[in-house]
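Everything below concerns the one structure shown next.
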Amino acid sequence: MKKPFIPAIRHLFFLLLLHSASIAQTNSKTAQPEKFGIDFDLGLTIPSAKDVSNVFYTGGNISLGFKMAVLNSKKLWIKPVGGIKLYSKKAGDEKGVQETFRTVKAGIELQYRVAERKKYSFYPVLRVDHNWCSNYFSKTYDYDFSTNSQTIAVSDKFLKGTGYSFDAGIMIVRAPVFYLKIDYEYFKPSLNVHPDFIREALAAGIAVPASTPFNCSTVNIGVGVNLNFK
């Protein structure tokens with residue numbers, strides 16, 4: 001499998017967002033409060049339980065959502081949102097081998113403006129997501145100049161499962177576009193173990209259950225761009 005151009009896409013997306021932010025700043029003085037918006041943020045995720053922190057110390061997350069104000073005061077916003085949370089680390093002594101724990105998220109977020117101080121607005125945030133989790137290994141091979149590509153071999157998913165998560169936190173917006181968000185996510189899915197791993201463990205005299213609960217709760221800290229419009 002050819003290595004995806006994720007870094008290039010991410011950098012291009014950032015440039016587009018910053019360009020949009022500059023446009024939003026020049027048009028921030030409007031007669032009526034905006035009714036729609038787009039939030040995009042990147043951040044760190046810190047495991048709060050040993051189930052994950054014993055393997056991964058920190059990870060990263062990214063989220064994007066389109067939101068709409070639902071009150072005449074424009075204080076309450078509802079945002080369908082999607083995102084990815086990712087942990088990754090080197091596995092073993094072999095070169096190019098990584099272990100990854102990935103969670104794809106889709107849900108609803110509520111934001112309510114409770115206070116404004118000069119250029120700053122404060123929003124308590126509540127969020128519910130449905131999550132798809134997978135744990136796997138990958139190996140990156142040396143760059144092949146003859147094909148101008150790099151190959152990544154990905155293993156089967158040793159752990160996988162779904163579940164709902166619940167977030168609560170605070171978002172601090174600096175007018176007109178940038179924000180800091182801190183929240184706690186409660187997430188305890190039950191993950192299925194790959195049958196081959198169960199058989200190998202049983203052959204070694206170790207009984208492994210087919211499904212096991214994991215405490216994947218985290219503290220999340222992110223920075224983002226908040227683009228509101230009519």
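Ligands are numbered from 1 in the order shown, residues from 1 within each chain, and chains are lettered A, B, ... in the order they appear in the structure tokens.
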
>> Run DSSP on the backbone and tell me which residues of stretch 66-175 of chain A come out as strand (DSSP E or B); list them as a PyMOL selection string.
In response: chain A and resi 66-69+76-90+97-112+115-117+120-140+144+149+151-154+159-174

>> Which residues are close to stretch 138-140 of chain A, i.e. within 8 Å by only C-alpha atoms, leaving aside same-chain residues fewer than 3 positions away? Reply as an MDAnalysis selection string.
In response: chainID A and resid 96:100 150:155

>> When you look at A:Ile38 with a cut-off of 8 Å (counting only C-alpha atoms), what residues show up, excluding the ones that are within fewer than 3 positions of it in the same chain? I need them as a PyMOL selection string.
In response: chain A and resi 64-67+226-228

Would you mind exporting the chosen residues as a PDB file, in the first residue's frame, restricted to N, CA and C atoms?
ATOM      1  N   LEU A  64     -13.907  18.260  13.070  1.00  0.00           N
ATOM      2  CA  LEU A  64     -14.468  19.246  12.160  1.00  0.00           C
ATOM      3  C   LEU A  64     -15.981  19.148  12.238  1.00  0.00           C
ATOM      4  N   GLY A  65     -16.647  20.304  12.321  1.00  0.00           N
ATOM      5  CA  GLY A  65     -18.098  20.281  12.391  1.00  0.00           C
ATOM      6  C   GLY A  65     -18.731  21.555  11.866  1.00  0.00           C
ATOM      7  N   PHE A  66     -19.948  21.416  11.352  1.00  0.00           N
ATOM      8  CA  PHE A  66     -20.757  22.553  10.897  1.00  0.00           C
ATOM      9  C   PHE A  66     -21.819  22.817  11.960  1.00  0.00           C
ATOM     10  N   LYS A  67     -21.928  24.059  12.442  1.00  0.00           N
ATOM     11  CA  LYS A  67     -22.843  24.348  13.550  1.00  0.00           C
ATOM     12  C   LYS A  67     -23.877  25.396  13.175  1.00  0.00           C
ATOM     13  N   ASN A 226     -12.636  29.090  14.436  1.00  0.00           N
ATOM     14  CA  ASN A 226     -14.081  29.199  14.527  1.00  0.00           C
ATOM     15  C   ASN A 226     -14.548  30.206  13.489  1.00  0.00           C
ATOM     16  N   LEU A 227     -15.161  29.734  12.388  1.00  0.00           N
ATOM     17  CA  LEU A 227     -15.588  30.609  11.306  1.00  0.00           C
ATOM     18  C   LEU A 227     -17.109  30.726  11.312  1.00  0.00           C
ATOM     19  N   ASN A 228     -17.629  31.854  11.751  1.00  0.00           N
ATOM     20  CA  ASN A 228     -19.063  32.078  11.794  1.00  0.00           C
ATOM     21  C   ASN A 228     -19.514  32.930  10.612  1.00  0.00           C
TER      22      ASN A 228
END

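Nearest to A:Tyr136 of all the residues A:Leu71, A:Ala168, A:Val81, A:Ala91 is A:Ala91, counting only C-alpha atoms.
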
> Which of these, A:Asn61, A:Gln111, A:Asn220, A:Thr162, has the shortest distance to A:Val125 once you count only C-alpha atoms?
Replying inline: A:Gln111

> Which polymer residues have any atom within 12 Å of an atom of A:Ser121, counting only C-alpha atoms, with same-chain residues fewer than 6 positions away left out, as a VMD selection string?
Replying inline: chain A and resid 75 111 to 115 170 to 181 226

>> From a backbone DSSP assignment, name each residue in chain A labelled helix (DSSP H, G or I), as a VMD selection string.
In response: chain A and resid 6 to 26 50 to 53 195 to 203

>> as a ChimeraX atom specification, please: the residues near stretch 163-167 of chain A (cut-off 12 Å, only C-alpha atoms, same-chain neighbours under 4 positions excluded).
In response: /A:103-111,124-134,181-192,213-220

>> I'd like the interatomic distance between atom CA of A:Ile46 and atom CA of A:Ile62, to a tenth of an Å.
In response: 13.8 Å

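Between atom CA of A:Gly37 and atom CA of A:Tyr87 the interatomic distance comes to 29.1 Å.
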